[in-house]
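Report on one structure; see the data block that follows.
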Amino acid sequence: MLQKDGIYAMYLRKSRADVEAEARGQFETLAHHLQILTDLADKYEIHVQKIYKEIVSGDSIEGRPEVKKLLQEVSAGVYDGVLVTEVSRLARGRTKDQGIVAEAFRSTGTLIITPSKIYDPSDDADETFFDFELFMARQEYKYIKKRMQRGRELSFQNGNWIFPHVPIGYRKEGLRLVPGEYSDIIRSVMFAYRDGKRTFTETVVFLRAAIPSRKWATNTIRRMLTNPIYAGYLSRSTKIPNAKNLDTSGYIPANCEPLITLQDHVDIIARIAPSPRLKNGTELKNAFAGLVVCQKCGYKMIYNNDHGYPVLMHQSSMDVPRCRCSPISYPVAYKALTEKIIEDLPYMEQDADQKPDPEAIAALRAQLRRAETIKADLFEKLENGLYTASEFRERKILREQEIQGLKRALEGLEEQNKKVETTKVSTDDIKAILRNGSPQEVNSILKILIDRIEYSKPSRKDDPSFTIIYARS
């Protein structure tokens, strides 16, 4: 099997688990494994020509440059054998990657030399045992990954910051976030924006001067200002909240010393208007602003007139993944959509005959205000230490259920009321607005009648497709 005058390589990999073990005071993994394999080479009296080292997870070969180089040379028949502490160091992630590793060694008959066994791919028994070892490594990896995910979820539920980057203005002490080097600057930025003393752009200019070591942009400022961690809470949502979609009911009390209060956080977000927003001194040009979305990915189609002819095109930003969705001429879209909406007007009137009782709406609003006041008191009592975390969660869940029920009931009555008020305008008047009204007038009517418009046009040669989702349909 082993040829003393053969050519051999050594592969060493430190995983994230090894890094964590070292942080707890265990031995330095690569040095320890190097010593083990060096002793093994001495035992078999073989010469190691090359050593491959890397510090990465074993999940994917694609993210492991050193093992890719090793497998290329193994596939080329360069080595008689490869020394590794255990089979799982070569591959323990995806089944596809394990197949690539197994085939590279099997096709060239390259030995895999471990402290416990030498695997000869040309031997049927060894090949079966090697495949079994890879399978068991995969199962172990899946189990460890699930256990880590459960641990992260539990840690998050307990309010711990589990993300790799610490928010600016904080530093970590164990599992707790405490104010750090720039906390006073960040707090002052929060209050300045809350009080209307600075805009996003002015805040960017200020922070570029105050903390030049960071890269500051408008979107960075938006994410920082709306991050509930600064008020002492965690949120599962990855969307940037604004005055329209803010929902604090899912917030989790964080293991963190807040820089501002929850009310400060709410007040800051109240100043952030939902898109689309108009610049001062301009008028709306897109009658479908906020309504037309890509059917495939759900992102907004925006109005663009940069080249002298208006089009609706896929929103383009760093936050939007690549999506095959060709633009469409704005006049063509406007004609097709308004004609379809005018055609559907008679059907939209049928379920809007009765107007809700104003007293019922007023009563629901009063109940909702009372429930939200009680819920706000829960946060204050938690901050003042009057409730434990478990008591707070129990009361918050009950109050949220009541609030959501009241909101659904109120929204239903208000939508019905809007529909009735809209249909008091004659069909002819609505048609006139759709045909001749300003983009702002058309947009105001459409946002009452329509929930969204889904658009599809995978390529320029395809015909455009619109699906109109009417409100309460």
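Scheme for the structure tokens: letters A, B, ... for chains in order shown; per-chain residue numbers from 1; ligand numbers from 1 in order shown.
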
Selection: 12 Å around Gln404 of chain A, only C-alpha atoms, excl. self and same-chain fewer than 3 positions, as a ChimeraX atom specification: /A:247,249,364,367-368,371-372,396-401,407-411

Contact residues around Pro253 of chain A with only C-alpha atoms at 8 Å, ignoring same-chain residues under 6 positions, as a PyMOL selection string: chain A and resi 158-159+232-234+389

Every residue of segment 76-204 of chain A that DSSP places in alpha helix (DSSP H), as an MDAnalysis selection string: chainID A and resid 95:108 124:157 183:194 200:204

Non-local contacts of Glu133 of chain A (12 Å; only C-alpha atoms; under 5 positions in same chain excluded) as a PyMOL selection string: chain A and resi 86-92+98+102+117+119+126-128+138-140

Produce a file of the selected residues containing C-alpha atoms, as an mmCIF file, in the first residue's frame.
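File written: result.cif
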data_model
loop_
_atom_site.group_PDB
_atom_site.id
_atom_site.type_symbol
_atom_site.label_atom_id
_atom_site.label_comp_id
_atom_site.auth_asym_id
_atom_site.auth_seq_id
_atom_site.Cartn_x
_atom_site.Cartn_y
_atom_site.Cartn_z
ATOM 1 C CA GLU A 86 -10.066 12.377 9.894
ATOM 2 C CA VAL A 87 -12.136 11.884 6.744
ATOM 3 C CA SER A 88 -14.613 14.601 7.767
ATOM 4 C CA ARG A 89 -11.852 17.236 7.415
ATOM 5 C CA LEU A 90 -12.003 16.695 3.654
ATOM 6 C CA ALA A 91 -15.792 17.017 3.331
ATOM 7 C CA ARG A 92 -18.658 16.940 5.774
ATOM 8 C CA GLN A 98 -18.635 14.552 -0.727
ATOM 9 C CA ALA A 102 -14.719 10.527 -3.195
ATOM 10 C CA LYS A 117 -6.962 3.841 9.221
ATOM 11 C CA TYR A 119 -8.184 4.055 3.056
ATOM 12 C CA ASP A 126 -12.142 0.424 1.974
ATOM 13 C CA GLU A 127 -14.210 2.260 -0.638
ATOM 14 C CA THR A 128 -17.429 1.230 1.120
ATOM 15 C CA ARG A 138 -22.511 14.548 6.778
ATOM 16 C CA GLN A 139 -25.076 13.405 9.359
ATOM 17 C CA GLU A 140 -22.928 14.699 12.205
#

Strand (DSSP E) residues, from DSSP on the backbone, in segment 57-236 of chain A, as a list in words: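 Result set for segment 57-236 of chain A (strand (DSSP E)): Gly81, Val82, Leu83, Leu111, Ile112, Ile113, Ile118, Tyr119, Tyr170, Arg171, Lys172, Glu173, Arg176, Leu177, Val178, Pro179, Tyr233 and Leu234 of chain A.
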
For the selection you just gave me, I'd like the residues written to a file as a PDB file, in the first residue's frame, keeping C-alpha atoms.
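Printed below is result-v4.pdb as written:
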ATOM      1  CA  GLY A  81      -1.566   9.652  -0.630  1.00  0.00           C
ATOM      2  CA  VAL A  82      -2.961  12.478   1.496  1.00  0.00           C
ATOM      3  CA  LEU A  83      -2.609  12.680   5.281  1.00  0.00           C
ATOM      4  CA  LEU A 111      -4.625   6.821  -0.469  1.00  0.00           C
ATOM      5  CA  ILE A 112      -6.248   8.676   2.418  1.00  0.00           C
ATOM      6  CA  ILE A 113      -4.057   8.271   5.486  1.00  0.00           C
ATOM      7  CA  ILE A 118      -5.469   3.976   5.714  1.00  0.00           C
ATOM      8  CA  TYR A 119      -8.184   4.055   3.056  1.00  0.00           C
ATOM      9  CA  TYR A 170     -21.832  49.639  21.482  1.00  0.00           C
ATOM     10  CA  ARG A 171     -19.314  47.052  22.585  1.00  0.00           C
ATOM     11  CA  LYS A 172     -19.906  43.524  23.878  1.00  0.00           C
ATOM     12  CA  GLU A 173     -19.291  42.415  27.435  1.00  0.00           C
ATOM     13  CA  ARG A 176     -24.496  41.977  26.853  1.00  0.00           C
ATOM     14  CA  LEU A 177     -24.227  45.139  24.739  1.00  0.00           C
ATOM     15  CA  VAL A 178     -23.029  48.205  26.619  1.00  0.00           C
ATOM     16  CA  PRO A 179     -22.365  51.768  25.395  1.00  0.00           C
ATOM     17  CA  TYR A 233     -35.057  45.719  21.750  1.00  0.00           C
ATOM     18  CA  LEU A 234     -34.473  43.131  19.026  1.00  0.00           C
TER      19      LEU A 234
END

Which residues of segment 197-301 of chain A sit at most 10 Å from segment 153-156 of chain A, using only C-alpha atoms? Give each one's shortest atom pair and distance in Å (one decimal place), in chain and ascending residue order, as CSV.
residue,atom,partner,partner_atom,distance
A:Leu234,CA,A:Phe156,CA,8.1
A:Ser235,CA,A:Phe156,CA,9.6
A:Arg236,CA,A:Phe156,CA,9.4
A:Ile252,CA,A:Phe156,CA,8.5
A:Pro253,CA,A:Phe156,CA,9.9
A:Ala254,CA,A:Phe156,CA,8.5
A:Asn255,CA,A:Phe156,CA,9.5

Distance query Val74 of chain A at most 12 Å, only C-alpha atoms, self and fewer than 2 positions along chain excluded, as a ChimeraX atom specification: /A:7-11,67-72,76-82,100-112

Kindly assemble as a tab-separated table a list of the segment 424-459 of chain A residues that lie within 10 Å of segment 337-340 of chain A, each paired with its nearest atom pair and their distance in Å to one decimal, using only C-alpha atoms, sorted first by chain and then by ascending residue number.
residue	atom	partner	partner_atom	distance
A:Lys431	CA	A:Thr338	CA	8.5
A:Ile433	CA	A:Thr338	CA	10.0
A:Leu434	CA	A:Thr338	CA	6.2
A:Arg435	CA	A:Thr338	CA	7.3
A:Val442	CA	A:Thr338	CA	9.5
A:Leu446	CA	A:Thr338	CA	9.7
A:Ile453	CA	A:Leu337	CA	9.1
